[in-house]
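start.txt (compact mmCIF, C-alpha atoms) appears below.
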```txt
# COMPACT_ATOMS: atom_id res chain seq x y z
CA MET W 1 0.00 0.00 0.00
CA THR W 2 1.23 3.52 -0.81
CA GLY W 3 0.28 6.90 0.58
CA ARG W 4 -0.88 10.07 -1.09
CA PHE W 5 2.49 10.75 -2.66
CA GLY W 6 3.18 7.17 -3.59
CA ILE W 7 5.41 6.57 -0.52
CA SER W 8 4.95 3.53 1.67
CA PRO W 9 3.84 4.36 5.24
CA GLN W 10 6.37 1.78 6.45
CA LEU W 11 9.17 3.73 4.74
CA VAL W 12 7.99 6.98 6.31
CA LEU W 13 7.89 5.32 9.73
CA GLY W 14 11.40 3.88 9.27
CA LEU W 15 12.86 7.23 8.23
CA SER W 16 11.22 8.96 11.18
CA LEU W 17 12.57 6.40 13.64
CA GLY W 18 16.03 6.73 12.10
CA VAL W 19 16.04 10.50 12.52
CA LEU W 20 14.88 10.19 16.13
CA LEU W 21 17.47 7.55 16.92
CA SER W 22 20.23 9.63 15.31
CA ALA W 23 19.26 12.67 17.37
CA SER W 24 19.09 10.58 20.53
CA CYS W 25 22.55 9.14 19.88
CA ARG W 26 23.99 12.62 19.41
CA GLN W 27 22.41 13.76 22.65
CA ILE W 28 23.60 10.69 24.50
CA TRP W 29 27.17 11.12 23.19
CA ALA W 30 27.12 14.79 24.11
CA LEU W 31 26.09 13.89 27.65
CA VAL W 32 28.78 11.19 27.90
CA ALA W 33 31.47 13.51 26.51
CA SER W 34 30.40 16.23 28.93
CA ARG W 35 30.63 13.83 31.84
CA LEU W 36 34.01 12.53 30.75
CA THR W 37 35.32 16.09 30.47
CA ARG W 38 34.08 16.95 33.94
CA GLU W 39 35.63 13.81 35.35
CA ASP W 40 38.93 14.66 33.68
CA ASP W 41 38.77 18.19 35.06
CA ASP W 42 37.98 16.89 38.53
CA SER W 43 40.75 14.33 38.54
CA THR W 44 44.04 15.04 40.29
CA PHE W 45 46.94 15.68 37.97
CA ALA W 46 50.19 17.63 38.03
CA ARG W 47 51.33 19.83 35.18
CA GLY W 48 54.11 22.31 35.67
CA GLY W 49 53.90 21.80 39.42
CA ILE W 50 50.27 22.97 39.72
CA GLN W 51 47.86 20.55 41.38
CA MET W 52 44.36 20.58 39.88
CA THR W 53 41.61 18.94 41.92
CA GLY W 54 38.34 20.43 40.69
CA ASP W 55 36.85 23.87 40.13
CA ASP W 56 36.69 25.03 43.74
CA GLU W 57 39.80 23.29 44.97
CA ALA W 58 41.90 24.25 41.95
CA VAL W 59 41.86 27.90 42.94
CA LYS W 60 42.98 27.06 46.46
CA THR W 61 45.88 24.88 45.32
CA GLU W 62 47.10 27.30 42.66
CA VAL W 63 47.23 30.29 44.98
CA ARG W 64 50.33 30.34 47.20
CA VAL W 65 50.56 32.54 50.30
CA GLY W 66 53.43 35.00 50.05
CA VAL W 67 56.90 34.25 48.72
CA GLU W 68 57.21 31.58 51.41
CA GLY W 69 54.52 29.59 49.63
CA LEU W 70 56.56 29.57 46.42
CA ILE W 71 59.56 27.84 47.99
CA GLY W 72 60.11 24.18 47.13
CA ASN W 73 58.40 21.74 44.77
CA THR W 74 60.88 22.75 42.09
CA PRO W 75 60.87 20.80 38.81
CA LEU W 76 63.23 17.97 37.93
CA MET W 77 64.53 18.21 34.37
CA LYS W 78 66.49 15.89 32.11
CA VAL W 79 69.70 17.53 30.93
CA LYS W 80 69.54 16.34 27.33
CA SER W 81 73.11 17.02 26.24
CA LEU W 82 74.72 15.25 29.20
CA SER W 83 72.26 12.36 29.06
CA ASP W 84 72.83 11.83 25.34
CA ALA W 85 76.61 12.01 25.68
CA THR W 86 76.89 9.60 28.63
CA GLY W 87 74.04 7.14 28.06
CA CYS W 88 72.80 7.81 31.58
CA GLU W 89 69.70 9.75 32.46
CA ILE W 90 71.13 12.85 34.11
CA LEU W 91 68.41 14.76 35.92
CA ALA W 92 68.73 18.16 37.60
CA LYS W 93 66.61 19.60 40.38
CA VAL W 94 66.02 23.17 39.17
CA GLU W 95 66.44 25.04 42.45
CA MET W 96 66.94 28.36 40.66
CA MET W 97 63.15 28.37 40.20
CA ASN W 98 62.64 29.14 43.87
CA PRO W 99 61.41 32.76 44.33
CA GLY W 100 64.80 33.91 45.61
CA GLY W 101 66.52 32.22 42.71
CA SER W 102 68.45 29.50 44.53
CA ALA W 103 68.35 26.39 46.72
CA LYS W 104 69.14 28.61 49.72
CA ASP W 105 65.51 29.75 49.91
CA ARG W 106 64.71 26.45 51.58
CA ILE W 107 67.19 26.83 54.41
CA ALA W 108 66.57 30.55 54.91
CA LEU W 109 62.88 29.87 55.50
CA ALA W 110 63.64 26.88 57.74
CA ILE W 111 66.11 28.86 59.88
CA VAL W 112 63.73 31.81 60.33
CA GLU W 113 60.72 29.64 61.10
CA ARG W 114 62.67 27.59 63.63
CA ALA W 115 63.82 30.79 65.34
CA GLU W 116 60.23 32.04 65.44
CA ALA W 117 59.07 28.76 66.97
CA ASP W 118 61.82 29.03 69.62
CA GLY W 119 60.82 32.61 70.43
CA LEU W 120 64.09 34.07 69.13
CA LEU W 121 62.44 36.23 66.45
CA ARG W 122 59.33 38.40 66.70
CA PRO W 123 57.88 39.93 63.54
CA ASN W 124 57.85 43.72 63.20
CA SER W 125 59.71 44.25 66.47
CA GLY W 126 63.01 45.50 65.07
CA ASP W 127 64.73 42.11 65.19
CA VAL W 128 67.67 41.67 62.82
CA VAL W 129 68.96 38.44 61.24
CA TYR W 130 72.75 38.35 60.79
CA GLU W 131 74.55 35.95 58.48
CA GLY W 132 77.94 35.37 56.90
CA THR W 133 77.56 34.22 53.29
CA SER W 134 79.01 34.49 49.80
CA GLY W 135 75.68 35.85 48.66
CA SER W 136 72.97 33.29 47.89
CA THR W 137 71.94 32.53 51.46
CA GLY W 138 72.04 36.24 52.18
CA ILE W 139 69.73 36.97 49.25
CA SER W 140 67.29 34.31 50.44
CA LEU W 141 67.41 35.60 54.01
CA ALA W 142 66.92 39.19 52.86
CA MET W 143 63.83 38.14 50.92
CA ILE W 144 62.36 36.08 53.78
CA CYS W 145 63.12 38.80 56.34
CA ARG W 146 61.29 41.40 54.24
CA ALA W 147 58.34 39.07 53.83
CA LYS W 148 58.09 38.23 57.53
CA GLY W 149 58.87 41.57 59.20
CA TYR W 150 62.61 41.46 59.98
CA ARG W 151 65.78 43.15 58.79
CA ALA W 152 68.85 41.40 57.40
CA HIS W 153 72.52 42.21 57.98
CA ILE W 154 74.79 40.28 55.63
CA CYS W 155 78.56 39.93 55.98
CA LEU W 156 80.34 38.66 52.88
CA PRO W 157 83.79 38.50 51.25
CA ASP W 158 84.69 41.67 49.38
CA ASP W 159 85.37 39.69 46.19
CA THR W 160 81.78 38.41 45.96
CA SER W 161 80.22 39.06 42.55
CA THR W 162 78.69 42.51 42.21
CA GLU W 163 75.36 41.03 41.07
CA LYS W 164 74.88 39.36 44.45
CA VAL W 165 75.78 42.51 46.34
CA ASP W 166 73.37 44.56 44.22
CA LEU W 167 70.56 42.07 44.83
CA LEU W 168 71.14 42.18 48.58
CA GLU W 169 71.00 45.95 48.63
CA LYS W 170 67.87 46.06 46.46
CA LEU W 171 66.21 43.71 48.94
CA GLY W 172 66.99 46.17 51.71
CA ALA W 173 69.74 44.18 53.43
CA GLU W 174 72.60 45.94 55.17
CA VAL W 175 75.73 44.66 53.44
CA GLU W 176 79.09 44.51 55.18
CA LYS W 177 82.08 43.49 53.07
CA VAL W 178 85.15 41.93 54.69
CA PRO W 179 88.45 40.63 53.26
CA PRO W 180 88.56 36.87 52.58
CA ALA W 181 90.12 35.09 55.53
CA SER W 182 90.42 31.71 57.25
CA ILE W 183 87.66 30.65 59.63
CA VAL W 184 90.11 30.98 62.54
CA ASP W 185 90.38 34.73 61.81
CA LYS W 186 87.89 36.73 63.85
CA ARG W 187 87.38 39.04 60.83
CA GLN W 188 86.26 36.16 58.60
CA TYR W 189 82.75 36.89 57.29
CA VAL W 190 80.97 34.18 59.31
CA ASN W 191 82.73 35.23 62.51
CA GLN W 192 81.96 38.87 61.75
CA ALA W 193 78.24 38.14 61.45
CA ARG W 194 78.28 36.24 64.73
CA ALA W 195 80.04 39.15 66.43
CA ARG W 196 77.56 41.70 65.03
CA ALA W 197 74.60 39.73 66.42
CA SER W 198 76.31 39.48 69.80
CA GLU W 199 77.02 43.21 69.82
CA ARG W 200 73.38 43.99 69.17
CA ASN W 201 72.16 41.73 71.94
CA SER W 202 74.63 43.33 74.36
CA ASP W 203 73.41 46.88 73.63
CA ASP W 204 70.24 47.75 75.52
CA SER W 205 69.92 51.06 73.69
CA VAL W 206 68.99 49.53 70.32
CA GLU W 207 65.57 48.28 69.33
CA GLY W 208 65.13 44.59 68.54
CA ARG W 209 67.29 41.57 69.07
CA GLY W 210 69.91 40.00 66.84
CA LEU W 211 69.81 36.44 65.53
CA PHE W 212 72.91 34.82 64.06
CA ALA W 213 71.46 32.49 61.40
CA ASP W 214 74.54 30.25 61.46
CA GLN W 215 73.76 28.34 58.26
CA PHE W 216 76.87 26.17 58.57
CA GLU W 217 76.01 24.76 62.00
CA ASN W 218 72.24 25.30 62.26
CA GLU W 219 70.58 21.90 61.87
CA ALA W 220 67.45 23.48 60.42
CA ASN W 221 69.57 23.56 57.25
CA TRP W 222 69.99 19.82 56.60
CA LYS W 223 66.54 19.06 58.02
CA ALA W 224 64.93 21.31 55.39
CA HIS W 225 66.46 19.13 52.68
CA TYR W 226 65.57 15.94 54.53
CA ASP W 227 61.95 17.04 54.93
CA HIS W 228 61.46 18.50 51.45
CA THR W 229 64.20 18.24 48.80
CA GLY W 230 64.86 14.53 49.33
CA PRO W 231 61.19 13.50 49.28
CA GLU W 232 60.57 15.64 46.20
CA ILE W 233 63.39 13.91 44.31
CA TYR W 234 62.15 10.48 45.37
CA LYS W 235 58.61 11.25 44.22
CA GLN W 236 59.65 12.89 40.95
CA THR W 237 61.86 9.95 39.94
CA GLY W 238 59.40 7.31 41.09
CA GLY W 239 62.11 6.07 43.45
CA LYS W 240 64.46 5.23 40.58
CA VAL W 241 67.74 6.95 41.44
CA ASP W 242 71.16 5.31 41.25
CA VAL W 243 73.41 8.26 42.08
CA PHE W 244 73.02 11.65 43.76
CA VAL W 245 75.75 14.20 42.96
CA THR W 246 76.20 17.65 44.49
CA GLY W 247 78.75 20.01 45.95
CA ALA W 248 78.86 21.11 49.57
CA GLY W 249 79.30 24.50 51.18
CA THR W 250 77.40 24.29 54.42
CA GLY W 251 76.77 20.61 53.70
CA GLY W 252 73.03 20.84 54.29
CA THR W 253 71.91 19.72 50.84
CA ILE W 254 74.13 16.66 50.52
CA SER W 255 73.40 15.55 54.09
CA GLY W 256 69.66 16.11 54.09
CA VAL W 257 69.01 14.59 50.67
CA SER W 258 71.32 11.61 51.18
CA ARG W 259 69.88 10.81 54.62
CA TYR W 260 66.38 10.70 53.16
CA LEU W 261 67.15 8.90 49.92
CA LYS W 262 69.40 6.25 51.46
CA GLN W 263 66.62 5.25 53.82
CA LYS W 264 64.49 4.55 50.76
CA LEU W 265 67.26 3.41 48.43
CA PRO W 266 70.07 1.65 50.35
CA LYS W 267 72.05 0.99 47.14
CA LEU W 268 72.11 4.69 46.19
CA LYS W 269 75.57 6.19 45.66
CA VAL W 270 76.19 9.72 46.95
CA VAL W 271 79.02 11.62 45.25
CA LEU W 272 80.53 14.92 46.38
CA ALA W 273 81.51 17.47 43.70
CA ASP W 274 84.33 19.63 45.04
CA PRO W 275 86.13 22.69 43.59
CA PRO W 276 89.79 23.72 43.99
CA GLY W 277 90.84 24.84 47.44
CA SER W 278 88.25 22.82 49.30
CA GLY W 279 89.31 20.12 51.73
CA LEU W 280 86.13 18.05 51.53
CA TYR W 281 87.42 15.93 48.62
CA ASN W 282 90.33 14.74 50.75
CA LYS W 283 88.04 14.23 53.73
CA VAL W 284 85.77 11.89 51.77
CA LYS W 285 88.55 10.08 49.88
CA TYR W 286 91.26 9.88 52.53
CA GLY W 287 89.73 10.89 55.86
CA VAL W 288 91.78 14.07 56.28
CA MET W 289 91.09 17.65 55.25
CA PHE W 290 94.62 18.75 54.33
CA ASP W 291 98.12 17.34 54.49
CA ILE W 292 98.37 14.81 57.30
CA MET W 293 100.75 17.16 59.15
CA GLU W 294 98.08 19.88 59.40
CA ARG W 295 95.45 19.73 62.11
CA GLU W 296 91.92 20.45 60.85
CA GLY W 297 90.60 23.95 61.44
CA THR W 298 94.00 25.55 62.18
CA ARG W 299 95.22 26.45 58.67
CA ARG W 300 95.82 30.20 58.50
CA ARG W 301 97.00 30.77 54.95
CA HIS W 302 94.57 31.53 52.14
CA GLN W 303 93.03 28.66 50.21
CA VAL W 304 93.84 27.80 46.60
CA ASP W 305 92.44 30.23 44.02
CA THR W 306 89.09 29.39 42.45
CA LEU W 307 86.32 31.13 40.57
CA VAL W 308 83.60 29.03 42.17
CA GLU W 309 81.23 30.56 44.70
CA GLY W 310 78.81 28.71 46.94
CA ILE W 311 80.59 25.39 47.50
CA GLY W 312 83.92 24.27 48.89
CA ILE W 313 85.16 24.62 52.46
CA ASN W 314 88.12 23.66 54.63
CA ARG W 315 86.34 22.48 57.73
CA VAL W 316 83.70 19.89 58.62
CA THR W 317 80.51 21.69 59.56
CA ARG W 318 77.76 20.13 61.66
CA ASN W 319 75.51 20.09 58.61
CA PHE W 320 78.06 18.18 56.54
CA ASP W 321 79.05 15.87 59.38
CA VAL W 322 75.54 14.45 59.86
CA GLY W 323 75.64 13.09 56.32
CA ARG W 324 79.35 12.46 55.87
CA PRO W 325 79.20 8.68 56.52
CA LEU W 326 76.70 8.40 53.65
CA VAL W 327 78.96 10.04 51.03
CA ASP W 328 80.44 7.23 48.94
CA ASP W 329 82.82 9.07 46.63
CA ALA W 330 84.15 12.49 45.68
CA ILE W 331 85.19 14.11 42.40
CA ARG W 332 87.54 17.08 42.13
CA VAL W 333 86.45 19.59 39.49
CA THR W 334 88.86 22.20 38.15
CA ASP W 335 87.94 25.78 37.28
CA GLN W 336 88.73 25.02 33.64
CA GLU W 337 86.23 22.17 33.58
CA SER W 338 83.60 24.32 35.28
CA LEU W 339 84.03 27.19 32.84
CA ALA W 340 83.86 24.87 29.83
CA MET W 341 80.80 23.08 31.22
CA ALA W 342 78.95 26.36 31.78
CA ARG W 343 79.53 27.29 28.14
CA PHE W 344 78.61 23.76 26.98
CA LEU W 345 75.25 23.86 28.79
CA VAL W 346 74.33 27.18 27.18
CA GLU W 347 75.33 26.08 23.70
CA HIS W 348 73.67 22.66 23.84
CA ASP W 349 70.76 23.09 26.25
CA GLY W 350 70.14 26.82 26.58
CA LEU W 351 70.89 26.44 30.30
CA PHE W 352 72.49 29.50 31.88
CA VAL W 353 73.81 28.42 35.26
CA GLY W 354 76.10 29.57 38.05
CA SER W 355 79.51 28.27 39.00
CA SER W 356 78.44 25.68 41.60
CA THR W 357 75.96 24.17 39.13
CA ALA W 358 78.72 23.85 36.55
CA VAL W 359 80.79 21.93 39.11
CA ASN W 360 77.83 19.65 39.84
CA CYS W 361 77.31 18.91 36.14
CA VAL W 362 80.98 18.13 35.52
CA ALA W 363 80.97 15.67 38.42
CA ALA W 364 77.67 14.10 37.30
CA ALA W 365 78.99 13.59 33.76
CA LYS W 366 82.31 12.19 34.98
CA TYR W 367 80.58 9.71 37.26
CA ALA W 368 78.17 8.72 34.50
CA LEU W 369 81.07 7.84 32.21
CA LYS W 370 82.72 5.96 35.07
CA ILE W 371 79.75 3.68 35.84
CA GLY W 372 78.50 3.29 32.28
CA PRO W 373 75.15 3.84 30.57
CA GLY W 374 71.71 2.94 31.84
CA HIS W 375 71.84 4.64 35.24
CA THR W 376 69.83 7.53 36.66
CA ILE W 377 71.87 10.34 38.18
CA VAL W 378 70.34 13.34 39.98
CA THR W 379 72.17 16.61 40.61
CA ILE W 380 71.27 20.19 41.55
CA ILE W 381 70.93 23.37 39.48
CA CYS W 382 71.70 25.72 42.35
CA ASP W 383 71.18 29.13 40.76
CA SER W 384 71.25 31.12 37.53
CA GLY W 385 74.34 32.48 35.83
CA ALA W 386 72.83 35.96 36.17
CA ARG W 387 74.41 36.17 39.63
CA HIS W 388 77.85 35.38 38.25
CA LEU W 389 78.22 37.70 35.25
CA SER W 390 81.00 39.89 36.60
CA LYS W 391 83.14 37.06 37.94
CA PHE W 392 82.61 33.48 36.79
CA TRP W 393 80.93 34.24 33.45
CA LYS W 394 83.44 36.96 32.67
CA ALA W 395 86.05 34.20 32.64
CA VAL W 396 83.90 31.82 30.55
CA GLY W 397 84.45 33.91 27.45
CA PRO W 398 82.41 33.96 24.23
CA VAL W 399 79.50 31.59 23.70
CA GLY W 400 78.57 30.09 20.33
CA GLY W 401 80.40 29.57 17.08
CA GLU W 402 82.86 26.73 16.78
CA LEU W 403 83.04 26.27 20.54
CA ALA W 404 79.65 24.56 20.39
CA ALA W 405 81.31 21.65 18.61
CA VAL W 406 83.59 20.82 21.57
CA PRO W 407 82.66 17.28 22.72
CA LEU W 408 81.93 16.52 26.36
CA GLU W 409 84.97 14.27 26.65
CA ASP W 410 87.26 17.19 25.85
CA ILE W 411 85.62 19.30 28.56
CA LEU W 412 86.15 16.60 31.17
CA ASN W 413 89.82 16.20 30.32
CA LEU W 414 90.89 19.83 30.41
CA SER W 415 94.26 20.44 31.99
CA SER W 416 94.01 21.32 35.65
CA THR W 417 97.26 23.29 35.38
CA ALA W 418 95.91 25.95 33.02
CA SER W 419 95.71 29.35 34.66
CA THR W 420 92.26 30.88 34.25
CA SER W 421 91.21 31.71 37.79
CA ARG W 422 91.44 35.08 39.45
CA ALA W 423 93.08 35.58 42.80
CA ASN W 424 90.50 34.89 45.49
CA THR W 425 89.62 32.21 47.97
CA PRO W 426 86.73 29.75 47.78
CA VAL W 427 83.67 31.08 49.53
CA ASN W 428 80.62 29.31 50.77
CA GLY W 429 76.89 29.75 51.30
```

structure tokens encoding of this file:
Amino acid sequence: MTGRFGISPQLVLGLSLGVLLSASCRQIWALVASRLTREDDDSTFARGGIQMTGDDEAVKTEVRVGVEGLIGNTPLMKVKSLSDATGCEILAKVEMMNPGGSAKDRIALAIVERAEADGLLRPNSGDVVYEGTSGSTGISLAMICRAKGYRAHICLPDDTSTEKVDLLEKLGAEVEKVPPASIVDKRQYVNQARARASERNSDDSVEGRGLFADQFENEANWKAHYDHTGPEIYKQTGGKVDVFVTGAGTGGTISGVSRYLKQKLPKLKVVLADPPGSGLYNKVKYGVMFDIMEREGTRRRHQVDTLVEGIGINRVTRNFDVGRPLVDDAIRVTDQESLAMARFLVEHDGLFVGSSTAVNCVAAAKYALKIGPGHTIVTIICDSGARHLSKFWKAVGPVGGELAAVPLEDILNLSSTASTSRANTPVNG
């Protein structure tokens, strides 16, 4: 039977049902897709360090409170050039992404918060934090002090890079420069800071108390890395770390991280990266800081010249000592190797790093070649090269051109007798 227009009613019915079913399917798919999208948005995921947990909670987790809230949870990056050249996965904890630009933000905050908890600091009361440092810890302290209602007085060697001094002054710190000297000299920058704090506390006529931060001996230093840096590395690597490599100034980073990671990974190797003039290499390798005829802590002459700031020391600090039994090996890195590595990282990776980071990367690459491919090695990018323009990077020389073709092996075999360093002593912190 056909209808008025010669079309079967059954055909009309079939077409109508098809249209309805098609529309229903589109609606159903739209609802499913919408639900899937919402579920994806509500799920917990990390991208660029931001935790997203749903519309309401996302805002709360993205917003940090003050500069203090920005400290830590720094990214871990694969250094492509070093990984490709060695066959190991060389990863770097990018500590220069802390708000103060260095790993020292962690310890500065820990020291101040511990002092507050102990009743030694009171916000907005005129209290002053004193510290002896080569710059980075001072910058971090100056930032934290401004954020929390204190003033900072920083004593540092008079050959510290001008960029660090400028940053300290722009952050409102009082800067006191002193000649480089041995720790047994009462005018040495750490001793000077301690004396300034004591003078303040002895003078009843001044407002506020003085706190000597004492980054070298204050155990809040290594505990900050045990509580935060170590766990972050473990989580970011999924617990797959074979070697941890870093230099030591105060010793807080190497001690805190190694104490945490070795609890989780007993087979982990911890390797110290040490610049010229530092005695820590000998301490790890041979059990003594200097020549066997010299008693530790009594050397009065200046240390060997080096361009490196931030790591290297000629005494065993409390912060280093708590992790010293866990350090398995040490690698000496020359200034020439550090300078060449800094240039290499810019030319191959676009990484512009400071002197201590260059030392770390040389040691990481050397150890990678020593143990062979297939291992995971973690090191630290301590700070940016922007703090080292007038000193370390001035000695690096031009970047680009044919120098980019220099292979890694040539960098790691540079002569340690070449003279490229300026006259100064290694400084720490």

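With only C-alpha atoms as the atoms that count, the minimum distance from Asp127 in chain W to the choices W:Val327, W:Val63, W:Ile411, W:Leu211 is reached by W:Leu211.
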
Please tabulate, as a Markdown table, the residues of range 176-220 of chain W that come within 8 Å of range 238-252 of chain W, each with its closest pair of atoms and the distance in Å to one decimal, counting all atoms listed in the file and ordering rows by chain, then residue number upward.
```
| residue | atom | partner | partner_atom | distance |
| --- | --- | --- | --- | --- |
| W:Gln215 | CA | W:Thr250 | CA | 6.7 |
| W:Phe216 | CA | W:Thr250 | CA | 4.6 |
| W:Glu217 | CA | W:Thr250 | CA | 7.7 |
```

Those residues with C-alpha atoms, as a PDB file, keeping the file's coordinate frame please?
```
ATOM      1  CA  GLN W 215      73.760  28.340  58.260  1.00  0.00           C
ATOM      2  CA  PHE W 216      76.870  26.170  58.570  1.00  0.00           C
ATOM      3  CA  GLU W 217      76.010  24.760  62.000  1.00  0.00           C
TER       4      GLU W 217
END
```

Practice item. Using all atoms listed in the file, determine which residues lie at most 6 Å from range 340-354 of chain W, disregarding the query and same-chain residues fewer than 4 positions distant; provide the list as a list in words. Key: Ala358, Asp383, Ser384, Gly385, Ala404 and Ile411 of chain W

Check your understanding: Using only C-alpha atoms, which residues sit within 10 Å of range 259-266 of chain W once same-chain residues fewer than 4 positions away are excluded, as a ChimeraX atom specification?
Key -> /W:222-223,225-231,233-234,239-242,244,253-255,270,322-327

Within 7 Å of Leu70 in chain W, counting all atoms listed in the file, which residues show up once you throw out same-chain ones fewer than 4 positions away? Write them as a PDB file with C-alpha atoms, in the coordinates of the input, please.
```pdb
ATOM      1  CA  ARG W  64      50.330  30.340  47.200  1.00  0.00           C
ATOM      2  CA  ASN W  98      62.640  29.140  43.870  1.00  0.00           C
ATOM      3  CA  PRO W  99      61.410  32.760  44.330  1.00  0.00           C
TER       4      PRO W  99
END
```

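Here CA of Lys394 in chain W stands at a distance of 18.6 Å from CA of Pro157 in chain W.
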
Practice item. Using only C-alpha atoms, determine which residues lie at most 12 Å from Glu309 in chain W, disregarding the query and same-chain residues fewer than 5 positions distant; provide the list as a PyMOL selection string. Key: chain W and resi 133-137+156-157+159-161+164+247-249+274-278+335+338+354-359+382-383+385+387-388+391-393+424-429

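Counting from CA of Pro75 in chain W, the distance to CA of Val378 in chain W is 12.1 Å.
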
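Each of W:Ile377, W:Gly66, W:Asn314, W:Ala364 was checked against Val184 in chain W using only C-alpha atoms; the smallest atom-to-atom distance is that of W:Asn314.
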
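Taking all atoms listed in the file into account, Lys283 in chain W lies nearest to W:Arg332 out of the set W:Thr306, W:Thr162, W:Ala368, W:Arg332.
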
**Study point:** Residue with smallest distance to Phe320 in chain W - pool W:Ser390, W:Asn218, W:Gln336, W:Thr379, counting all atoms listed in the file
**Key:** W:Asn218

List as a compact mmCIF listing (two decimals) with C-alpha atoms, in the coordinates of the input the protein and nucleic acid residues near Glu176 in chain W, meaning an atom at most 8 Å away when all atoms listed in the file are counted, but skip any in the same chain fewer than 3 places from it.
```
# COMPACT_ATOMS: atom_id res chain seq x y z
CA HIS W 153 72.52 42.21 57.98
CA ILE W 154 74.79 40.28 55.63
CA CYS W 155 78.56 39.93 55.98
CA LEU W 156 80.34 38.66 52.88
```
